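What follows is protein.cif (mmCIF, C-alpha atoms).
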data_my_file
#
loop_
_atom_site.label_atom_id
_atom_site.label_comp_id
_atom_site.auth_asym_id
_atom_site.auth_seq_id
_atom_site.Cartn_x
_atom_site.Cartn_y
_atom_site.Cartn_z
CA MET A 179 0.00 0.00 0.00
CA LYS A 180 2.86 2.42 0.83
CA ARG A 181 4.42 1.78 -2.58
CA PHE A 182 1.09 2.47 -4.27
CA VAL A 183 0.71 5.81 -2.43
CA ALA A 184 4.32 6.75 -3.24
CA MET A 185 3.76 5.92 -6.92
CA VAL A 186 0.56 8.01 -7.04
CA MET A 187 2.39 10.95 -5.41
CA LEU A 188 5.27 10.64 -7.87
CA LEU A 189 2.88 10.62 -10.83
CA ALA A 190 1.01 13.64 -9.45
CA PHE A 191 4.30 15.53 -8.97
CA THR A 192 5.44 14.66 -12.50
CA ALA A 193 2.12 15.83 -13.95
CA ALA A 194 2.34 19.09 -11.98
CA CYS A 195 5.87 19.73 -13.29
CA GLU A 196 4.79 19.09 -16.86
CA SER A 197 1.74 21.32 -16.57
CA SER A 198 3.86 24.15 -15.15
CA GLY A 199 6.28 24.10 -18.06
CA GLY A 200 8.57 21.23 -17.10
CA VAL A 201 11.12 20.46 -14.46
CA TYR A 202 13.12 23.00 -12.50
CA GLN A 203 15.86 24.75 -14.47
CA GLN A 204 18.89 26.32 -12.81
CA PRO A 205 18.99 30.10 -13.43
CA ARG A 206 21.78 30.85 -15.89
CA VAL A 207 23.29 33.24 -18.38
CA ASP A 208 24.36 31.73 -21.69
CA GLY A 209 25.78 32.82 -25.00
CA THR A 210 29.02 32.86 -26.96
CA VAL A 211 32.38 34.57 -26.73
CA THR A 212 34.39 35.42 -29.82
CA TYR A 213 38.09 36.21 -30.16
CA GLN A 214 40.80 36.21 -32.80
CA GLY A 215 42.96 33.15 -33.22
CA THR A 216 43.04 29.99 -31.15
CA PRO A 217 44.44 30.13 -27.61
CA PRO A 218 47.40 27.78 -26.98
CA PRO A 219 47.02 24.46 -25.13
CA GLY A 220 46.52 24.91 -21.40
CA SER A 221 44.68 28.22 -21.77
CA VAL A 222 41.51 28.85 -19.77
CA LEU A 223 38.42 30.82 -20.78
CA GLU A 224 36.70 32.16 -17.68
CA VAL A 225 33.25 33.78 -17.90
CA ARG A 226 31.90 35.45 -14.73
CA ILE A 227 28.72 37.19 -13.61
CA VAL A 228 29.66 39.97 -11.20
CA GLU A 229 27.69 42.51 -9.20
CA ASN A 230 28.38 46.02 -10.53
CA ALA A 231 27.89 47.76 -7.16
CA ASN A 232 31.08 46.68 -5.38
CA TRP A 233 33.94 47.85 -7.60
CA PRO A 234 36.86 47.36 -7.35
CA ASN A 235 36.03 44.14 -5.43
CA PRO A 236 32.83 42.88 -7.07
CA PHE A 237 30.77 40.04 -5.67
CA ILE A 238 31.05 37.10 -8.08
CA VAL A 239 27.61 35.58 -8.68
CA GLY A 240 28.69 32.74 -10.96
CA VAL A 241 31.71 31.42 -12.88
CA HIS A 242 32.23 29.04 -15.78
CA ARG A 243 35.74 27.89 -16.74
CA ILE A 244 36.62 26.12 -19.98
CA VAL A 245 40.10 24.61 -20.25
CA ASP A 246 41.49 24.58 -23.81
CA PRO A 247 38.49 26.46 -25.26
CA GLY A 248 39.58 26.05 -28.88
CA PRO A 249 38.73 28.34 -31.78
CA SER A 250 36.07 31.02 -31.60
CA PRO A 251 33.11 31.19 -31.15
CA VAL A 252 32.86 29.35 -27.83
CA ARG A 253 29.52 28.67 -26.12
CA PHE A 254 29.24 29.22 -22.36
CA THR A 255 26.68 28.77 -19.60
CA VAL A 256 27.11 30.44 -16.21
CA ASP A 257 24.76 29.12 -13.52
CA PHE A 258 23.84 31.35 -10.58
CA ASN A 259 21.74 31.32 -7.43
CA ALA A 260 18.61 33.40 -8.01
CA ALA A 261 18.45 34.18 -4.27
CA GLU A 262 21.67 36.22 -4.65
CA ILE A 263 20.17 38.51 -7.30
CA ASP A 264 18.82 41.93 -6.27
CA SER A 265 16.49 43.35 -8.93
CA ASN A 266 17.75 46.87 -8.09
CA THR A 267 21.40 45.97 -8.76
CA GLN A 268 23.22 45.76 -12.08
CA TYR A 269 25.15 42.63 -13.06
CA LEU A 270 27.92 42.35 -15.62
CA LEU A 271 29.31 39.50 -17.63
CA GLU A 272 33.11 39.39 -17.79
CA ALA A 273 35.22 37.08 -19.94
CA GLU A 274 38.97 36.43 -19.94
CA VAL A 275 41.33 34.07 -21.69
CA VAL A 276 44.22 33.25 -19.35
CA VAL A 277 47.45 31.66 -20.59
CA ASN A 278 50.11 30.64 -18.03
CA GLY A 279 48.56 32.94 -15.40
CA ARG A 280 48.50 35.95 -17.73
CA ILE A 281 45.31 37.52 -19.14
CA GLU A 282 45.66 37.38 -22.95
CA ALA A 283 42.16 38.55 -23.95
CA THR A 284 39.17 40.15 -22.27
CA ASN A 285 35.71 41.45 -23.16
CA ASP A 286 35.79 44.72 -25.09
CA ARG A 287 33.17 46.56 -22.96
CA PRO A 288 30.77 45.91 -20.06
CA TYR A 289 27.96 43.45 -20.85
CA PHE A 290 24.99 43.94 -18.54
CA VAL A 291 22.87 40.86 -17.83
CA ILE A 292 19.91 39.55 -15.78
CA THR A 293 18.32 42.73 -14.32
CA GLY A 294 17.09 46.02 -15.75
CA GLY A 295 15.70 44.36 -18.87
CA TYR A 296 19.11 43.03 -19.89
CA PRO A 297 19.28 39.50 -21.33
CA ALA A 298 20.27 36.24 -19.72
CA ARG A 299 20.12 34.17 -22.89
CA GLY A 300 22.09 34.43 -26.11
CA VAL A 301 24.59 37.02 -24.86
CA GLN A 302 27.27 37.76 -27.45
CA VAL A 303 30.64 38.74 -25.94
CA PRO A 304 33.39 39.88 -28.34
CA MET A 305 36.86 39.83 -26.80
CA ARG A 306 40.05 41.68 -27.64
CA ARG A 307 43.66 40.68 -27.17
CA LEU A 308 45.72 42.58 -24.62
#

When written as structure tokens, how does the structure in this file appear?
Amino acid sequence: MKRFVAMVMLLAFTAACESSGGVYQQPRVDGTVTYQGTPPPGSVLEVRIVENANWPNPFIVGVHRIVDPGPSPVRFTVDFNAAEIDSNTQYLLEAEVVVNGRIEATNDRPYFVITGGYPARGVQVPMRRL
């Protein structure tokens, strides 16, 4: 009997998820970065969501690192905790290619995301060599 009740509850939960648009999805920012050339082996592409309010020591909301990212364009997804987002605060997306501990490329300007009507999906981030 307990198994039957558990099965009915599981089916009801599954139906509720499907009727509400599917299962839970982690909040994220995604898109592509573009840069010239191909970084050497051992390089790391790091994409971060940072809070704009605390410069020069911003609060990092989420990070995605890709070792040996390969040629451009490179897709990224940065997950974040929605509870850490304040709708009255601006958030920026930063991207860097690091080679042997040295920043070789970075985003060419600030890219606002998440709040204030700025996107969280399909963000295009051109980078420039330093």

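Residue nearest Arg307 (chain A), chosen from A:Val256, A:Val277, A:Ala283, A:Val211 and counting only C-alpha atoms: A:Ala283.
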
Mind telling me what the PyMOL selection byres ((chain A and resi 265-269) around 6) catches here, as a list of chain:residue names?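 Evaluating the PyMOL selection byres ((chain A and resi 265-269) around 6) on this file yields A:Val228, A:Glu229, A:Asn230, A:Asp264, A:Leu270, A:Phe290, A:Val291, A:Thr293.
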
Once the PyMOL selection byres ((chain A and resi 251) around 6) is applied to the coordinates I shared, what remains selected? I want it as a tab-separated table (two decimals) with C-alpha atoms, in the coordinates of the input.
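Saved the output as selection27.tsv:
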chain	number	residue	atom	x	y	z
A	211	VAL	CA	32.38	34.57	-26.73
A	212	THR	CA	34.39	35.42	-29.82
A	250	SER	CA	36.07	31.02	-31.60
A	252	VAL	CA	32.86	29.35	-27.83

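Using only C-alpha atoms, the protein and nucleic acid residues lying no more than 9 Å from Val276 (chain A), apart from those fewer than 5 places from it along its own chain, are A:Pro217, A:Gly220, A:Ser221, A:Val222, A:Leu223, A:Glu224, A:Ile281, A:Glu282, A:Ala283.
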
Nearest to Gln214 (chain A), chosen from A:Gly279, A:Pro249, A:Gly295, A:Pro288, with only C-alpha atoms counted in the distances: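 Of A:Gly279, A:Pro249, A:Gly295, A:Pro288, the one nearest Gln214 (chain A), counting only C-alpha atoms, is A:Pro249.
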
Can you list, as a list in words, the residues that the PyMOL selection byres ((chain A and resi 225) around 7) selects here?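 For this structure, the PyMOL selection byres ((chain A and resi 225) around 7) captures Leu223, Glu224, Arg226, Val241, His242, Arg243, Leu271, Glu272, Ala273 and Glu274 of chain A.
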
One decimal, Å: what's the distance from CA of Tyr289 (chain A) over to CA of Val303 (chain A), could you say?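 Between CA of Tyr289 (chain A) and CA of Val303 (chain A) the gap is 7.4 Å.
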